[in-house]
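Presented below is the structure to which this report refers.
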Amino acid sequence: MPKTIMEFCEINSFTDQLIAWQRKQGRHHLPWQINRTAYRVWLSEVMLQQTQVSTVIERYQVFLKKFPTVKALASASIDDVLSEWSGMGYYTRARNLHRCAQVVVTEYQGVFPSDPKLLETLPGIGRSTAAAIAVFAYGQSAAILDGNVKRVLARVWGIQDDLSKNAAVNQLWAHAETLLPHAPEDLVSYTQGLMDFGATCCTQNKPACISQGSITCPFEDVCLAKRFDLIKHIPLKVKKVKVSTVNIDWWVLQYKDKLLLEKRPHQGIWAGLWSFPESIDLPKSAKQLERQVIKHVLTHRVLNIRPIQVTLQRPLTKIPANCEWIELADLKNLGLPTPVRLFLKNLDLIHDDA
DNA sequence: ATCCCGAAGT
DNA sequence: ACTTCGGGAT
């Protein structure tokens, strides 16, 4: 019989070994790891929720330069924020980021609270992000549990439950709490270690223990998933959402040096971003040019987009709701969904210089 | 259940 | 070139 969960917990070797691993093998020079203010930690955490480290490194620096403080972000317009967020997806989070900044300024005098429970009340900050800010910026003791951490804990302790179920996740939260180091000076290394270990060693598809790389996992001899050859089966994913196909048209109306764009509603796909109108009344004389259908894949939906290009000789008599004529030169300052940006780039109507 | 993109896999 | 999949908050 292998060493049991209890033994492994009691000797607390997971926590100690992870801290040691972090100090030797972890990442120490990411932009948000130096000068860990709450604002910088928060921004990096929100970006990292949806985007890989390599991409965030770039976007984080640009964003910080544009909005150096929580006050600067709070007083910016939402369109400026969305424009800066453009291409990163999950635009509701950019709106939450903006709202959160405003709450911090008006309710907390521009200083993020240090209590994880208070942090959690802020827009876009859930339990895990609240804990990360509390640990990194304020040295508080709190447990994180993001996708990486779930995977690591589930594997090391051989948890085969369906992690899409609340019951299983609640167990993991409780477990994560018990693993926290007791010495305050260890909290940052431990928490960062949890993130780094999941991101670089105990990865989803090619974890170190089953790859031939140079990295070796410090938990190989105690990890239950490894012992029972369950690495490929943990974490268990049961989710099976059926994906629907949606066909839409993009009416690409050009008049002189202007394009007709529609500002999308604050809820739903591409919230608050500018896209092409999907239905329109046209003068009969206008000549239509159908472009190649664009396939765009989302979590639970596949969009088949049929762009129809129309070059107008006269302006429209009536501008449709939520639409505006946008100068080609102004396109780069707008929040555009990625397929719109790509399409415009293909037509050579927009250039990517920052 | 919904929301976007890009890295990784085939 | 194509498809699949990971990532938290609401």
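Chain identifiers are assigned as A, B, and so on, following the order in which chains appear in the structure tokens; residues are numbered from 1 within each chain, and ligands are numbered from 1 in order of appearance.
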Write out as a short mmCIF file (atom, residue, chain, number, x, y, z; two decimals) with N, CA and C atoms (P, O5', C5', C4', C3', O3' and C1' of nucleotides), in the first residue's frame the residues lying within 9 Å of range 2-9 of chain C, counting only C-alpha atoms (C1' of nucleotides) and excluding same-chain residues fewer than 2 positions away.
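Final output, saved to result37.cif:
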```cif
data_model
loop_
_atom_site.label_atom_id
_atom_site.label_comp_id
_atom_site.auth_asym_id
_atom_site.auth_seq_id
_atom_site.Cartn_x
_atom_site.Cartn_y
_atom_site.Cartn_z
N LEU A 48 -4.26 36.91 -16.56
CA LEU A 48 -3.83 35.50 -16.58
C LEU A 48 -5.01 34.54 -16.48
N GLN A 49 -6.15 35.03 -16.04
CA GLN A 49 -7.34 34.18 -15.98
C GLN A 49 -7.70 33.64 -17.36
N GLN A 50 -7.37 34.36 -18.37
CA GLN A 50 -7.88 33.98 -19.69
C GLN A 50 -6.81 33.88 -20.75
N THR A 51 -5.57 34.18 -20.38
CA THR A 51 -4.54 34.28 -21.40
C THR A 51 -3.22 33.71 -20.87
N GLN A 52 -2.44 33.14 -21.76
CA GLN A 52 -1.18 32.52 -21.36
C GLN A 52 -0.13 33.55 -20.97
N ARG A 93 -14.85 40.91 -18.76
CA ARG A 93 -13.82 41.10 -17.73
C ARG A 93 -13.16 42.46 -17.83
N PRO A 123 -16.09 43.73 -8.35
CA PRO A 123 -16.47 43.15 -9.65
C PRO A 123 -15.30 42.43 -10.31
N GLY A 124 -15.55 41.21 -10.75
CA GLY A 124 -14.54 40.46 -11.49
C GLY A 124 -13.51 39.76 -10.62
N ILE A 125 -13.62 39.92 -9.30
CA ILE A 125 -12.69 39.25 -8.40
C ILE A 125 -13.42 38.13 -7.67
N GLY A 126 -13.05 36.91 -7.97
CA GLY A 126 -13.62 35.75 -7.31
C GLY A 126 -12.73 35.31 -6.16
N SER A 128 -10.48 32.94 -5.78
CA SER A 128 -9.07 32.64 -6.04
C SER A 128 -8.26 33.91 -6.32
N THR A 129 -8.81 34.79 -7.13
CA THR A 129 -8.11 36.04 -7.43
C THR A 129 -7.99 36.90 -6.17
N ASP A 146 -7.01 27.84 -8.73
CA ASP A 146 -7.34 28.03 -10.14
C ASP A 146 -7.20 26.69 -10.86
N GLY A 147 -7.32 26.71 -12.16
CA GLY A 147 -7.28 25.47 -12.93
C GLY A 147 -5.99 24.68 -12.71
N GLN A 204 -1.11 20.07 -18.21
CA GLN A 204 -2.25 19.23 -18.57
C GLN A 204 -1.84 18.05 -19.46
P DA B 8 2.17 25.90 -26.86
"O5'" DA B 8 1.29 24.61 -27.19
"C5'" DA B 8 0.25 24.24 -26.28
"C4'" DA B 8 -0.46 23.03 -26.82
"C3'" DA B 8 0.47 21.98 -27.44
"O3'" DA B 8 0.10 20.73 -26.90
"C1'" DA B 8 -1.25 22.56 -28.97
P DG B 9 0.78 19.39 -27.28
"O5'" DG B 9 -0.31 18.71 -28.22
"C5'" DG B 9 -1.64 18.56 -27.72
"C4'" DG B 9 -2.51 18.06 -28.85
"C3'" DG B 9 -1.95 16.86 -29.61
"O3'" DG B 9 -2.99 15.92 -29.78
"C1'" DG B 9 -2.52 18.57 -31.11
P DT B 10 -2.77 14.50 -30.32
"O5'" DT B 10 -3.24 14.62 -31.83
"C5'" DT B 10 -4.64 14.71 -32.11
"C4'" DT B 10 -4.83 14.82 -33.60
"C3'" DT B 10 -4.09 13.75 -34.41
"O3'" DT B 10 -5.00 13.10 -35.26
"C1'" DT B 10 -3.74 15.90 -35.32
#
```
Discussion item. Which residues are near Ala72 in chain A? Cut-off 12 Å, only C-alpha atoms (C1' of nucleotides), ignore same chain within fewer than 6 positions. Put them as JSON, numbers by chain.
Written reply: {"A": [39, 63, 64, 65, 66, 78, 80, 81, 98, 101, 102, 104, 105, 110]}
DSSP-assigned strand (DSSP E or B) members of range 215-291 of chain A, reported as a JSON list (two decimals) with C-alpha atoms, in the first residue's frame:
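Full text of part_20.json as output:
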```json
[["chain", "number", "residue", "atom", "x", "y", "z"],
["A", 236, "LEU", "CA", -11.53, 14.17, -14.82],
["A", 244, "SER", "CA", -24.42, 24.90, -32.06],
["A", 245, "THR", "CA", -23.69, 26.41, -35.42],
["A", 246, "VAL", "CA", -24.81, 29.96, -36.13],
["A", 247, "ASN", "CA", -24.77, 31.57, -39.55],
["A", 248, "ILE", "CA", -24.52, 35.33, -39.64],
["A", 249, "ASP", "CA", -23.92, 38.01, -42.24],
["A", 250, "TRP", "CA", -21.59, 40.92, -41.86],
["A", 251, "TRP", "CA", -22.63, 43.93, -43.88],
["A", 252, "VAL", "CA", -19.37, 45.65, -44.70],
["A", 253, "LEU", "CA", -20.49, 49.06, -45.88],
["A", 254, "GLN", "CA", -17.90, 51.45, -47.18],
["A", 255, "TYR", "CA", -18.51, 55.06, -48.11],
["A", 258, "LYS", "CA", -15.57, 55.37, -43.74],
["A", 259, "LEU", "CA", -16.92, 52.02, -42.57],
["A", 260, "LEU", "CA", -20.30, 51.47, -40.98],
["A", 261, "LEU", "CA", -19.79, 49.73, -37.64],
["A", 262, "GLU", "CA", -22.24, 48.71, -34.95],
["A", 263, "LYS", "CA", -21.54, 48.96, -31.25],
["A", 274, "TRP", "CA", -17.51, 47.31, -32.53],
["A", 275, "SER", "CA", -18.50, 44.88, -35.28],
["A", 288, "GLN", "CA", -22.75, 43.43, -53.25],
["A", 289, "LEU", "CA", -19.54, 41.45, -53.13],
["A", 290, "GLU", "CA", -19.62, 38.23, -51.08]]
```
List as CSV every residue of chain B that is in contact with chain A, defined as an atom at most 7 Å from one of its atoms (using only C-alpha atoms (C1' of nucleotides)), together with the nearest atom pair and the distance in Å rounded to one decimal, sorted by chain and then rising number.
```
residue,atom,partner,partner_atom,distance
B:DC3,C1',A:Tyr90,CA,5.5
B:DC4,C1',A:Gly89,CA,4.1
B:DC5,C1',A:Gly89,CA,5.9
```
Practice prompt. Tell me which protein, DNA and RNA residues are within 8 Å of range 158-173 of chain A, counting only C-alpha atoms (C1' of nucleotides), leaving out same-chain ones fewer than 5 positions away, and put them as a list in words.
Written response: Ala143, Leu145, Lys150, Leu153, Cys223, Leu224, Ala225, Leu230, His233, Ile234, Pro235, Leu236, Lys237, Val238 and Lys239 of chain A
Practice prompt. Show which residues sit within 12 Å of range 112-117 of chain A, as a PyMOL selection string. Count only C-alpha atoms (C1' of nucleotides), and ignore same-chain residues fewer than 6 positions away.
Written response: chain A and resi 37-43+69-71+100-106+125-144
Practice prompt. Rounded to one decimal place, report the CA of Leu118 in chain A-CA of Pro184 in chain A distance in Å.
Written response: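 Between CA of Leu118 in chain A and CA of Pro184 in chain A the gap is 20.5 Å.
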